[in-house]
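Trainee: Below you will find the structure I want to go over with you.
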Amino acid sequence: ACTGTGAVAYKRRTGENVLQFPVGLEDATNTEEVEAWRRAHGGDSKAEVRGPGGEAAEEPKPAIPAEACLRRLAAAEDGVTFRGRPCTKTVRLATMPKYIAVQVQRYYLDEKWMPRKLDCRVLMPETLDLEPLRGGGRQAGEAEIPD
């Protein structure tokens, strides 16, 4: 939806059965545990640390629930420009597919524009409720952006 006019544009993509889940470290459920481990070990995640039994103790990775990624995907994205107009972008499914693949997007660009991978775990449940992504089509009172 365009910010100024309220006009909308719908894009249908047929044949795509891949959901791209955006990942944000701020959605981690165990940040206290990760921060406590880093404080206790001097913040050096590469140093080898031995546990009480002499085995190597591994740094805990931030754990992000898939539901948090789904909320990020379903949320409106501001700051998008469409045909020269400031707009808000939302992702919805016109129909619910029988099968769908989920791509977890853990890669990002750092300050030098180099691709990096977030060192985290995304907790995937056996089933995932995609109802928040169900689209309702064009709503009453919506005007389409002219081509």
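Starting from 1 in every chain, residues are counted up; chains themselves are A, B, ... following the order of the structure tokens, and ligands are numbered from 1 as listed.
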For A:Val104, work out the shell of residues within 7 Å, counting only C-alpha atoms and skipping chain neighbours fewer than 5 positions away, then give it as a PyMOL selection string.
Mentor: chain A and resi 20-22
Trainee: Can you list, as a PDB file with N, CA, C and O atoms, in the first residue's frame, all residues belonging to chain A that DSSP tags as strand (DSSP E)?
Mentor:
```pdb
ATOM      1  N   VAL A  18       8.302 -21.702  -2.080  1.00  0.00           N
ATOM      2  CA  VAL A  18       9.383 -21.493  -1.117  1.00  0.00           C
ATOM      3  C   VAL A  18       9.072 -20.255  -0.290  1.00  0.00           C
ATOM      4  O   VAL A  18       8.824 -19.190  -0.842  1.00  0.00           O
ATOM      5  N   LEU A  19       9.056 -20.423   1.020  1.00  0.00           N
ATOM      6  CA  LEU A  19       8.921 -19.289   1.935  1.00  0.00           C
ATOM      7  C   LEU A  19      10.306 -18.938   2.442  1.00  0.00           C
ATOM      8  O   LEU A  19      11.035 -19.805   2.908  1.00  0.00           O
ATOM      9  N   GLN A  20      10.683 -17.680   2.339  1.00  0.00           N
ATOM     10  CA  GLN A  20      11.989 -17.239   2.808  1.00  0.00           C
ATOM     11  C   GLN A  20      11.807 -16.586   4.175  1.00  0.00           C
ATOM     12  O   GLN A  20      11.237 -15.501   4.282  1.00  0.00           O
ATOM     13  N   PHE A  21      12.276 -17.263   5.219  1.00  0.00           N
ATOM     14  CA  PHE A  21      12.132 -16.794   6.593  1.00  0.00           C
ATOM     15  C   PHE A  21      13.272 -15.858   6.962  1.00  0.00           C
ATOM     16  O   PHE A  21      14.424 -16.280   7.035  1.00  0.00           O
ATOM     17  N   PRO A  22      12.992 -14.576   7.224  1.00  0.00           N
ATOM     18  CA  PRO A  22      14.045 -13.677   7.696  1.00  0.00           C
ATOM     19  C   PRO A  22      14.372 -13.979   9.155  1.00  0.00           C
ATOM     20  O   PRO A  22      13.488 -14.255   9.956  1.00  0.00           O
ATOM     21  N   VAL A  49      37.469 -24.078  25.389  1.00  0.00           N
ATOM     22  CA  VAL A  49      37.145 -24.058  26.808  1.00  0.00           C
ATOM     23  C   VAL A  49      36.810 -25.481  27.218  1.00  0.00           C
ATOM     24  O   VAL A  49      36.113 -26.196  26.506  1.00  0.00           O
ATOM     25  N   ARG A  50      37.331 -25.885  28.354  1.00  0.00           N
ATOM     26  CA  ARG A  50      37.082 -27.242  28.867  1.00  0.00           C
ATOM     27  C   ARG A  50      35.999 -27.205  29.931  1.00  0.00           C
ATOM     28  O   ARG A  50      35.968 -26.316  30.766  1.00  0.00           O
ATOM     29  N   ALA A  56      35.434 -30.592  25.748  1.00  0.00           N
ATOM     30  CA  ALA A  56      35.366 -29.222  25.228  1.00  0.00           C
ATOM     31  C   ALA A  56      33.961 -28.662  25.437  1.00  0.00           C
ATOM     32  O   ALA A  56      32.972 -29.286  25.060  1.00  0.00           O
ATOM     33  N   ALA A  57      33.887 -27.495  26.071  1.00  0.00           N
ATOM     34  CA  ALA A  57      32.601 -26.828  26.300  1.00  0.00           C
ATOM     35  C   ALA A  57      32.325 -25.928  25.100  1.00  0.00           C
ATOM     36  O   ALA A  57      33.166 -25.139  24.698  1.00  0.00           O
ATOM     37  N   ALA A  63      19.098 -19.168  20.061  1.00  0.00           N
ATOM     38  CA  ALA A  63      18.020 -20.025  19.571  1.00  0.00           C
ATOM     39  C   ALA A  63      16.828 -19.146  19.194  1.00  0.00           C
ATOM     40  O   ALA A  63      16.307 -18.413  20.031  1.00  0.00           O
ATOM     41  N   ILE A  64      16.425 -19.234  17.940  1.00  0.00           N
ATOM     42  CA  ILE A  64      15.343 -18.397  17.424  1.00  0.00           C
ATOM     43  C   ILE A  64      14.194 -19.301  16.994  1.00  0.00           C
ATOM     44  O   ILE A  64      14.379 -20.170  16.146  1.00  0.00           O
ATOM     45  N   PRO A  65      13.012 -19.133  17.572  1.00  0.00           N
ATOM     46  CA  PRO A  65      11.875 -19.966  17.168  1.00  0.00           C
ATOM     47  C   PRO A  65      11.413 -19.609  15.752  1.00  0.00           C
ATOM     48  O   PRO A  65      11.440 -18.454  15.338  1.00  0.00           O
ATOM     49  N   GLU A  77       6.547  -4.257   5.866  1.00  0.00           N
ATOM     50  CA  GLU A  77       7.895  -3.713   5.687  1.00  0.00           C
ATOM     51  C   GLU A  77       7.785  -2.287   5.173  1.00  0.00           C
ATOM     52  O   GLU A  77       7.293  -2.047   4.072  1.00  0.00           O
ATOM     53  N   ASP A  78       8.232  -1.337   5.973  1.00  0.00           N
ATOM     54  CA  ASP A  78       8.185   0.078   5.592  1.00  0.00           C
ATOM     55  C   ASP A  78       9.442   0.462   4.826  1.00  0.00           C
ATOM     56  O   ASP A  78      10.434  -0.257   4.827  1.00  0.00           O
ATOM     57  N   GLY A  79       9.391   1.635   4.193  1.00  0.00           N
ATOM     58  CA  GLY A  79      10.570   2.148   3.511  1.00  0.00           C
ATOM     59  C   GLY A  79      10.793   1.582   2.126  1.00  0.00           C
ATOM     60  O   GLY A  79      11.880   1.673   1.577  1.00  0.00           O
ATOM     61  N   VAL A  80       9.776   0.972   1.544  1.00  0.00           N
ATOM     62  CA  VAL A  80       9.885   0.405   0.205  1.00  0.00           C
ATOM     63  C   VAL A  80       9.419   1.445  -0.808  1.00  0.00           C
ATOM     64  O   VAL A  80       8.432   2.144  -0.576  1.00  0.00           O
ATOM     65  N   THR A  81      10.135   1.560  -1.907  1.00  0.00           N
ATOM     66  CA  THR A  81       9.724   2.460  -2.978  1.00  0.00           C
ATOM     67  C   THR A  81       9.198   1.625  -4.140  1.00  0.00           C
ATOM     68  O   THR A  81       9.859   0.694  -4.588  1.00  0.00           O
ATOM     69  N   PHE A  82       7.992   1.929  -4.594  1.00  0.00           N
ATOM     70  CA  PHE A  82       7.362   1.211  -5.695  1.00  0.00           C
ATOM     71  C   PHE A  82       6.882   2.236  -6.713  1.00  0.00           C
ATOM     72  O   PHE A  82       6.042   3.084  -6.391  1.00  0.00           O
ATOM     73  N   ARG A  85       7.071   5.788  -5.518  1.00  0.00           N
ATOM     74  CA  ARG A  85       6.242   6.195  -4.382  1.00  0.00           C
ATOM     75  C   ARG A  85       6.672   5.441  -3.129  1.00  0.00           C
ATOM     76  O   ARG A  85       6.986   4.256  -3.199  1.00  0.00           O
ATOM     77  N   PRO A  86       6.661   6.094  -1.964  1.00  0.00           N
ATOM     78  CA  PRO A  86       6.951   5.362  -0.730  1.00  0.00           C
ATOM     79  C   PRO A  86       5.770   4.447  -0.383  1.00  0.00           C
ATOM     80  O   PRO A  86       4.618   4.885  -0.404  1.00  0.00           O
ATOM     81  N   CYS A  87       6.072   3.196  -0.105  1.00  0.00           N
ATOM     82  CA  CYS A  87       5.011   2.209   0.151  1.00  0.00           C
ATOM     83  C   CYS A  87       5.365   1.301   1.314  1.00  0.00           C
ATOM     84  O   CYS A  87       6.478   1.311   1.812  1.00  0.00           O
ATOM     85  N   THR A  88       4.395   0.507   1.705  1.00  0.00           N
ATOM     86  CA  THR A  88       4.554  -0.543   2.697  1.00  0.00           C
ATOM     87  C   THR A  88       4.321  -1.868   1.991  1.00  0.00           C
ATOM     88  O   THR A  88       3.349  -2.020   1.260  1.00  0.00           O
ATOM     89  N   LYS A  89       5.218  -2.835   2.230  1.00  0.00           N
ATOM     90  CA  LYS A  89       5.118  -4.132   1.562  1.00  0.00           C
ATOM     91  C   LYS A  89       4.736  -5.203   2.579  1.00  0.00           C
ATOM     92  O   LYS A  89       5.298  -5.264   3.676  1.00  0.00           O
ATOM     93  N   ALA A 101       8.381 -25.358   0.825  1.00  0.00           N
ATOM     94  CA  ALA A 101       9.738 -25.406   1.367  1.00  0.00           C
ATOM     95  C   ALA A 101       9.998 -24.116   2.133  1.00  0.00           C
ATOM     96  O   ALA A 101       9.490 -23.056   1.768  1.00  0.00           O
ATOM     97  N   VAL A 102      10.784 -24.224   3.184  1.00  0.00           N
ATOM     98  CA  VAL A 102      11.128 -23.061   3.994  1.00  0.00           C
ATOM     99  C   VAL A 102      12.634 -22.839   3.889  1.00  0.00           C
ATOM    100  O   VAL A 102      13.417 -23.743   4.178  1.00  0.00           O
ATOM    101  N   GLN A 103      13.020 -21.654   3.439  1.00  0.00           N
ATOM    102  CA  GLN A 103      14.429 -21.275   3.366  1.00  0.00           C
ATOM    103  C   GLN A 103      14.703 -20.310   4.507  1.00  0.00           C
ATOM    104  O   GLN A 103      14.103 -19.239   4.575  1.00  0.00           O
ATOM    105  N   VAL A 104      15.600 -20.691   5.395  1.00  0.00           N
ATOM    106  CA  VAL A 104      15.950 -19.849   6.533  1.00  0.00           C
ATOM    107  C   VAL A 104      17.064 -18.905   6.078  1.00  0.00           C
ATOM    108  O   VAL A 104      18.146 -19.355   5.713  1.00  0.00           O
ATOM    109  N   GLN A 105      16.782 -17.619   6.087  1.00  0.00           N
ATOM    110  CA  GLN A 105      17.736 -16.627   5.596  1.00  0.00           C
ATOM    111  C   GLN A 105      18.628 -16.139   6.731  1.00  0.00           C
ATOM    112  O   GLN A 105      18.333 -15.143   7.382  1.00  0.00           O
ATOM    113  N   TYR A 107      21.869 -15.376   6.170  1.00  0.00           N
ATOM    114  CA  TYR A 107      22.956 -14.576   5.601  1.00  0.00           C
ATOM    115  C   TYR A 107      22.584 -13.106   5.585  1.00  0.00           C
ATOM    116  O   TYR A 107      21.433 -12.745   5.404  1.00  0.00           O
ATOM    117  N   TYR A 108      23.572 -12.255   5.769  1.00  0.00           N
ATOM    118  CA  TYR A 108      23.384 -10.806   5.757  1.00  0.00           C
ATOM    119  C   TYR A 108      24.650 -10.178   5.192  1.00  0.00           C
ATOM    120  O   TYR A 108      25.679 -10.844   5.031  1.00  0.00           O
ATOM    121  N   LEU A 109      24.600  -8.891   4.882  1.00  0.00           N
ATOM    122  CA  LEU A 109      25.772  -8.159   4.408  1.00  0.00           C
ATOM    123  C   LEU A 109      26.334  -7.341   5.566  1.00  0.00           C
ATOM    124  O   LEU A 109      25.602  -6.597   6.221  1.00  0.00           O
ATOM    125  N   PRO A 115      29.123 -10.956   2.408  1.00  0.00           N
ATOM    126  CA  PRO A 115      28.108 -11.840   2.987  1.00  0.00           C
ATOM    127  C   PRO A 115      28.645 -12.579   4.208  1.00  0.00           C
ATOM    128  O   PRO A 115      29.762 -13.081   4.197  1.00  0.00           O
ATOM    129  N   ARG A 116      27.851 -12.598   5.253  1.00  0.00           N
ATOM    130  CA  ARG A 116      28.173 -13.299   6.500  1.00  0.00           C
ATOM    131  C   ARG A 116      26.967 -14.130   6.908  1.00  0.00           C
ATOM    132  O   ARG A 116      25.840 -13.815   6.565  1.00  0.00           O
ATOM    133  N   LYS A 117      27.234 -15.159   7.690  1.00  0.00           N
ATOM    134  CA  LYS A 117      26.161 -16.030   8.160  1.00  0.00           C
ATOM    135  C   LYS A 117      25.969 -15.830   9.660  1.00  0.00           C
ATOM    136  O   LYS A 117      26.942 -15.828  10.418  1.00  0.00           O
ATOM    137  N   ARG A 121      20.768 -20.895  15.864  1.00  0.00           N
ATOM    138  CA  ARG A 121      19.916 -22.052  15.552  1.00  0.00           C
ATOM    139  C   ARG A 121      18.497 -21.553  15.370  1.00  0.00           C
ATOM    140  O   ARG A 121      18.034 -20.711  16.128  1.00  0.00           O
ATOM    141  N   VAL A 122      17.817 -22.063  14.366  1.00  0.00           N
ATOM    142  CA  VAL A 122      16.403 -21.751  14.178  1.00  0.00           C
ATOM    143  C   VAL A 122      15.631 -23.014  14.534  1.00  0.00           C
ATOM    144  O   VAL A 122      15.832 -24.064  13.931  1.00  0.00           O
ATOM    145  N   LEU A 123      14.781 -22.906  15.552  1.00  0.00           N
ATOM    146  CA  LEU A 123      14.044 -24.057  16.076  1.00  0.00           C
ATOM    147  C   LEU A 123      12.783 -24.283  15.239  1.00  0.00           C
ATOM    148  O   LEU A 123      11.853 -23.482  15.306  1.00  0.00           O
TER     149      LEU A 123
END
```
Trainee: Restricting the calculation to only C-alpha atoms: of A:Glu67, A:Glu26, A:Glu142, A:Glu16, which residue gets closest to A:Asp129?
Mentor: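 Among the listed residues, the smallest separation from A:Asp129 belongs to A:Glu67.
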Trainee: Using only C-alpha atoms, find the one residue out of A:Arg134, A:Lys61, A:Lys11, A:His41 that sits nearest to A:Pro97.
Mentor: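 Using only C-alpha atoms, the shortest distance to A:Pro97 belongs to A:Arg134.
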Trainee: What parts of stretch 46-114 of chain A does DSSP call helix (DSSP H, G or I)? I'd like the answer as a PyMOL selection string.
Mentor: chain A and resi 66-74
Trainee: Please produce a file of the residues just selected, as an mmCIF file, in the first residue's frame, where the atoms kept are N, CA, C and O atoms.
Mentor:
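Final output, saved to part36.cif:
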```cif
data_model
loop_
_atom_site.group_PDB
_atom_site.id
_atom_site.type_symbol
_atom_site.label_atom_id
_atom_site.label_comp_id
_atom_site.auth_asym_id
_atom_site.auth_seq_id
_atom_site.Cartn_x
_atom_site.Cartn_y
_atom_site.Cartn_z
ATOM 1 N N ALA A 66 10.986 -20.617 15.007
ATOM 2 C CA ALA A 66 10.488 -20.405 13.641
ATOM 3 C C ALA A 66 9.277 -19.473 13.646
ATOM 4 O O ALA A 66 9.062 -18.729 12.683
ATOM 5 N N GLU A 67 8.496 -19.498 14.720
ATOM 6 C CA GLU A 67 7.324 -18.622 14.806
ATOM 7 C C GLU A 67 7.731 -17.151 14.772
ATOM 8 O O GLU A 67 7.024 -16.315 14.213
ATOM 9 N N ALA A 68 8.898 -16.821 15.361
ATOM 10 C CA ALA A 68 9.384 -15.436 15.326
ATOM 11 C C ALA A 68 9.760 -15.045 13.895
ATOM 12 O O ALA A 68 9.508 -13.916 13.464
ATOM 13 N N CYS A 69 10.348 -15.974 13.159
ATOM 14 C CA CYS A 69 10.672 -15.716 11.750
ATOM 15 C C CYS A 69 9.395 -15.530 10.941
ATOM 16 O O CYS A 69 9.332 -14.671 10.053
ATOM 17 N N LEU A 70 8.375 -16.320 11.244
ATOM 18 C CA LEU A 70 7.086 -16.199 10.552
ATOM 19 C C LEU A 70 6.449 -14.838 10.839
ATOM 20 O O LEU A 70 5.905 -14.202 9.932
ATOM 21 N N ARG A 71 6.546 -14.370 12.083
ATOM 22 C CA ARG A 71 6.021 -13.037 12.424
ATOM 23 C C ARG A 71 6.758 -11.948 11.659
ATOM 24 O O ARG A 71 6.159 -10.988 11.185
ATOM 25 N N ARG A 72 8.085 -12.093 11.518
ATOM 26 C CA ARG A 72 8.871 -11.129 10.743
ATOM 27 C C ARG A 72 8.424 -11.111 9.283
ATOM 28 O O ARG A 72 8.325 -10.055 8.662
ATOM 29 N N LEU A 73 8.170 -12.290 8.727
ATOM 30 C CA LEU A 73 7.741 -12.385 7.335
ATOM 31 C C LEU A 73 6.364 -11.755 7.142
ATOM 32 O O LEU A 73 6.109 -11.067 6.157
ATOM 33 N N ALA A 74 5.470 -11.968 8.102
ATOM 34 C CA ALA A 74 4.093 -11.468 7.994
ATOM 35 C C ALA A 74 3.981 -9.977 8.298
ATOM 36 O O ALA A 74 3.002 -9.342 7.908
#
```
Trainee: Which residue, A:Ala76, A:Val34, A:Ala94, A:Ile145, has the smallest gap to A:Glu131 when you use only C-alpha atoms?
Mentor: A:Ala94
Trainee: Please, what distance in Å, to one decimal, runs between atom CA of A:Tyr10 and atom CA of A:Ile100?
Mentor: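 Going from atom CA of A:Tyr10 over to atom CA of A:Ile100 covers 20.9 Å.
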Trainee: So, counting only C-alpha atoms, which residue among A:Ala40, A:Leu118, A:Ala75, A:Gly6 is closest to A:Leu25?
Mentor: A:Leu118
Trainee: If you count only C-alpha atoms, which residues fall within 10 Å of stretch 135-138 of chain A, apart from same-chain ones fewer than 3 positions away, as a PyMOL selection string?
Mentor: chain A and resi 8-10+90-96+131-132+141-144
Trainee: Kindly indicate which residue among A:Arg83, A:Pro62, A:Ala140, A:Glu111 lies nearest to A:Asp27, using only C-alpha atoms for the distances.
Mentor: A:Pro62
Trainee: Grab the atom CA of A:Tyr99 to atom CA of A:Cys120 distance for me, in Å with one decimal place.
Mentor: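 If I compute the distance from atom CA of A:Tyr99 to atom CA of A:Cys120, I get 25.9 Å.
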Trainee: To one decimal in Å, tell me the separation between atom CA of A:Arg106 and atom CA of A:Arg13.
Mentor: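 One can read the atom CA of A:Arg106 to atom CA of A:Arg13 distance as 23.5 Å.
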